[in-house]
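Peer 1: Quick one: structure below, then a few questions.
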Amino acid sequence: MTSGSIPRGQAFICRWAGAVLYGLSLVAMPGAAHSETQEAEGPPGCGQFFDKWEVEGAPAALLAMGGIGRETMAAQDCLSRNDTARACEHWGRIVAALPRLEPSLAADFGESIEALKRRHNCP
């Protein structure tokens, strides 16, 4: 492990959770449509922000899980492009969405995201 890298176990969990959550984000939801900030297909890239946190008829927790997955994958793409500031922006959106989740799940995600933000000196 190099300085500033994610521990192997945590990296695996982040990739696994990101893939699962991204899959959930592809589930058709009533009223959901892609915005200009999202691609219609494929994983989200750096700067493509999830904006479907509230869709009529869709469970808030499901939307939150999908959004967190998309934001996680977009943040990972930002890091691969050395755009830490934008990755921090994606992580901030995840933190803002945590209250939509079940408290213990939100706490688990919150700890991981806050650790990433600290590691990358996010505000």
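Naming scheme: A, B, ... for chains in displayed order of the structure tokens; residues 1 onward per chain; ligands 1 onward as shown.
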Identify, on the basis of only C-alpha atoms, every residue whose closest approach to A:His120 does not exceed 12 Å; exclude the query and any residue fewer than 3 positions from it along the same chain; express the result as a PyMOL selection string.
Peer 2: chain A and resi 3-6+75+78-79+82-89+91+113-117+123
Peer 1: Based on the selection just made, write N, CA and C atoms of those residues as a PDB file, in the first residue's frame.
Peer 2:
ATOM      1  N   SER A   3       1.451   5.548   0.153  1.00  0.00           N
ATOM      2  CA  SER A   3       0.899   6.659   0.925  1.00  0.00           C
ATOM      3  C   SER A   3      -0.291   7.265   0.179  1.00  0.00           C
ATOM      4  N   GLY A   4      -1.401   7.444   0.859  1.00  0.00           N
ATOM      5  CA  GLY A   4      -2.594   8.040   0.262  1.00  0.00           C
ATOM      6  C   GLY A   4      -3.482   7.059  -0.471  1.00  0.00           C
ATOM      7  N   SER A   5      -3.083   5.809  -0.585  1.00  0.00           N
ATOM      8  CA  SER A   5      -3.929   4.839  -1.285  1.00  0.00           C
ATOM      9  C   SER A   5      -4.942   4.243  -0.321  1.00  0.00           C
ATOM     10  N   ILE A   6      -5.929   3.611  -0.882  1.00  0.00           N
ATOM     11  CA  ILE A   6      -6.977   2.981  -0.090  1.00  0.00           C
ATOM     12  C   ILE A   6      -6.509   1.581   0.283  1.00  0.00           C
ATOM     13  N   ALA A  75     -16.739   9.658  -8.756  1.00  0.00           N
ATOM     14  CA  ALA A  75     -15.591  10.104  -7.952  1.00  0.00           C
ATOM     15  C   ALA A  75     -14.358   9.269  -8.276  1.00  0.00           C
ATOM     16  N   CYS A  78     -12.942  10.555 -11.391  1.00  0.00           N
ATOM     17  CA  CYS A  78     -12.230  11.814 -11.145  1.00  0.00           C
ATOM     18  C   CYS A  78     -10.821  11.546 -10.628  1.00  0.00           C
ATOM     19  N   LEU A  79     -10.704  10.610  -9.683  1.00  0.00           N
ATOM     20  CA  LEU A  79      -9.380  10.290  -9.146  1.00  0.00           C
ATOM     21  C   LEU A  79      -8.460   9.749 -10.236  1.00  0.00           C
ATOM     22  N   ASN A  82      -6.965  12.507 -11.968  1.00  0.00           N
ATOM     23  CA  ASN A  82      -6.271  13.445 -11.077  1.00  0.00           C
ATOM     24  C   ASN A  82      -7.075  14.719 -10.832  1.00  0.00           C
ATOM     25  N   ASP A  83      -8.389  14.606 -10.798  1.00  0.00           N
ATOM     26  CA  ASP A  83      -9.273  15.742 -10.504  1.00  0.00           C
ATOM     27  C   ASP A  83      -9.856  15.543  -9.101  1.00  0.00           C
ATOM     28  N   THR A  84      -9.013  15.751  -8.102  1.00  0.00           N
ATOM     29  CA  THR A  84      -9.413  15.512  -6.719  1.00  0.00           C
ATOM     30  C   THR A  84     -10.536  16.450  -6.291  1.00  0.00           C
ATOM     31  N   ALA A  85     -10.485  17.695  -6.740  1.00  0.00           N
ATOM     32  CA  ALA A  85     -11.522  18.656  -6.343  1.00  0.00           C
ATOM     33  C   ALA A  85     -12.910  18.171  -6.777  1.00  0.00           C
ATOM     34  N   ARG A  86     -13.006  17.651  -7.970  1.00  0.00           N
ATOM     35  CA  ARG A  86     -14.298  17.168  -8.465  1.00  0.00           C
ATOM     36  C   ARG A  86     -14.700  15.902  -7.725  1.00  0.00           C
ATOM     37  N   ALA A  87     -13.730  15.027  -7.403  1.00  0.00           N
ATOM     38  CA  ALA A  87     -14.029  13.821  -6.614  1.00  0.00           C
ATOM     39  C   ALA A  87     -14.606  14.231  -5.267  1.00  0.00           C
ATOM     40  N   CYS A  88     -14.017  15.256  -4.665  1.00  0.00           N
ATOM     41  CA  CYS A  88     -14.525  15.758  -3.384  1.00  0.00           C
ATOM     42  C   CYS A  88     -15.974  16.228  -3.518  1.00  0.00           C
ATOM     43  N   GLU A  89     -16.283  16.836  -4.640  1.00  0.00           N
ATOM     44  CA  GLU A  89     -17.653  17.294  -4.890  1.00  0.00           C
ATOM     45  C   GLU A  89     -18.616  16.106  -4.944  1.00  0.00           C
ATOM     46  N   TRP A  91     -18.149  13.161  -3.508  1.00  0.00           N
ATOM     47  CA  TRP A  91     -18.256  12.609  -2.155  1.00  0.00           C
ATOM     48  C   TRP A  91     -19.148  13.473  -1.279  1.00  0.00           C
ATOM     49  N   ILE A 113     -16.758   7.285   3.356  1.00  0.00           N
ATOM     50  CA  ILE A 113     -16.679   8.508   2.545  1.00  0.00           C
ATOM     51  C   ILE A 113     -15.883   9.587   3.271  1.00  0.00           C
ATOM     52  N   GLU A 114     -16.128   9.741   4.571  1.00  0.00           N
ATOM     53  CA  GLU A 114     -15.378  10.740   5.335  1.00  0.00           C
ATOM     54  C   GLU A 114     -13.887  10.403   5.353  1.00  0.00           C
ATOM     55  N   ALA A 115     -13.537   9.110   5.400  1.00  0.00           N
ATOM     56  CA  ALA A 115     -12.130   8.701   5.351  1.00  0.00           C
ATOM     57  C   ALA A 115     -11.517   9.083   4.007  1.00  0.00           C
ATOM     58  N   LEU A 116     -12.259   8.876   2.925  1.00  0.00           N
ATOM     59  CA  LEU A 116     -11.762   9.268   1.605  1.00  0.00           C
ATOM     60  C   LEU A 116     -11.581  10.782   1.509  1.00  0.00           C
ATOM     61  N   LYS A 117     -12.550  11.515   2.036  1.00  0.00           N
ATOM     62  CA  LYS A 117     -12.452  12.975   2.002  1.00  0.00           C
ATOM     63  C   LYS A 117     -11.231  13.459   2.780  1.00  0.00           C
ATOM     64  N   PRO A 123     -12.586  19.607   1.477  1.00  0.00           N
ATOM     65  CA  PRO A 123     -13.152  20.548   2.477  1.00  0.00           C
ATOM     66  C   PRO A 123     -14.295  19.924   3.245  1.00  0.00           C
TER      67      PRO A 123
END
Peer 1: With a distance cut-off of 10 Å and only C-alpha atoms, select the neighbouring residues of A:Leu98, excluding the residue or stretch itself and same-chain residues fewer than 3 positions from it, and output the selection as a ChimeraX atom specification.
Peer 2: /A:61,64-65,68,93-95,101-103,105-110
Peer 1: Separation of atom CA of A:Ala60 and atom CA of A:Ser104, in Å?
Peer 2: 15.9 Å
Peer 1: If you count only C-alpha atoms, which residues fall within 7 Å of A:Phe50, apart from same-chain ones fewer than 2 positions away, as a list of chain:residue names?
Peer 2: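 Near A:Phe50, the qualifying residues are A:Gln38, A:Gln48, A:Lys52, A:Gly67, A:Arg70, A:Glu71.
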Peer 1: Given the selection you just returned, output its residues as a file containing C-alpha atoms, formatted as a PDB file, in the first residue's frame.
Peer 2:
ATOM      1  CA  GLN A  38     -25.695  12.185 -16.858  1.00  0.00           C
ATOM      2  CA  GLN A  48     -21.644  13.700 -14.137  1.00  0.00           C
ATOM      3  CA  LYS A  52     -32.727  12.073  -9.229  1.00  0.00           C
ATOM      4  CA  GLY A  67     -27.353   7.885  -6.540  1.00  0.00           C
ATOM      5  CA  ARG A  70     -23.298   6.701  -9.457  1.00  0.00           C
ATOM      6  CA  GLU A  71     -21.546   9.360  -7.364  1.00  0.00           C
TER       7      GLU A  71
END
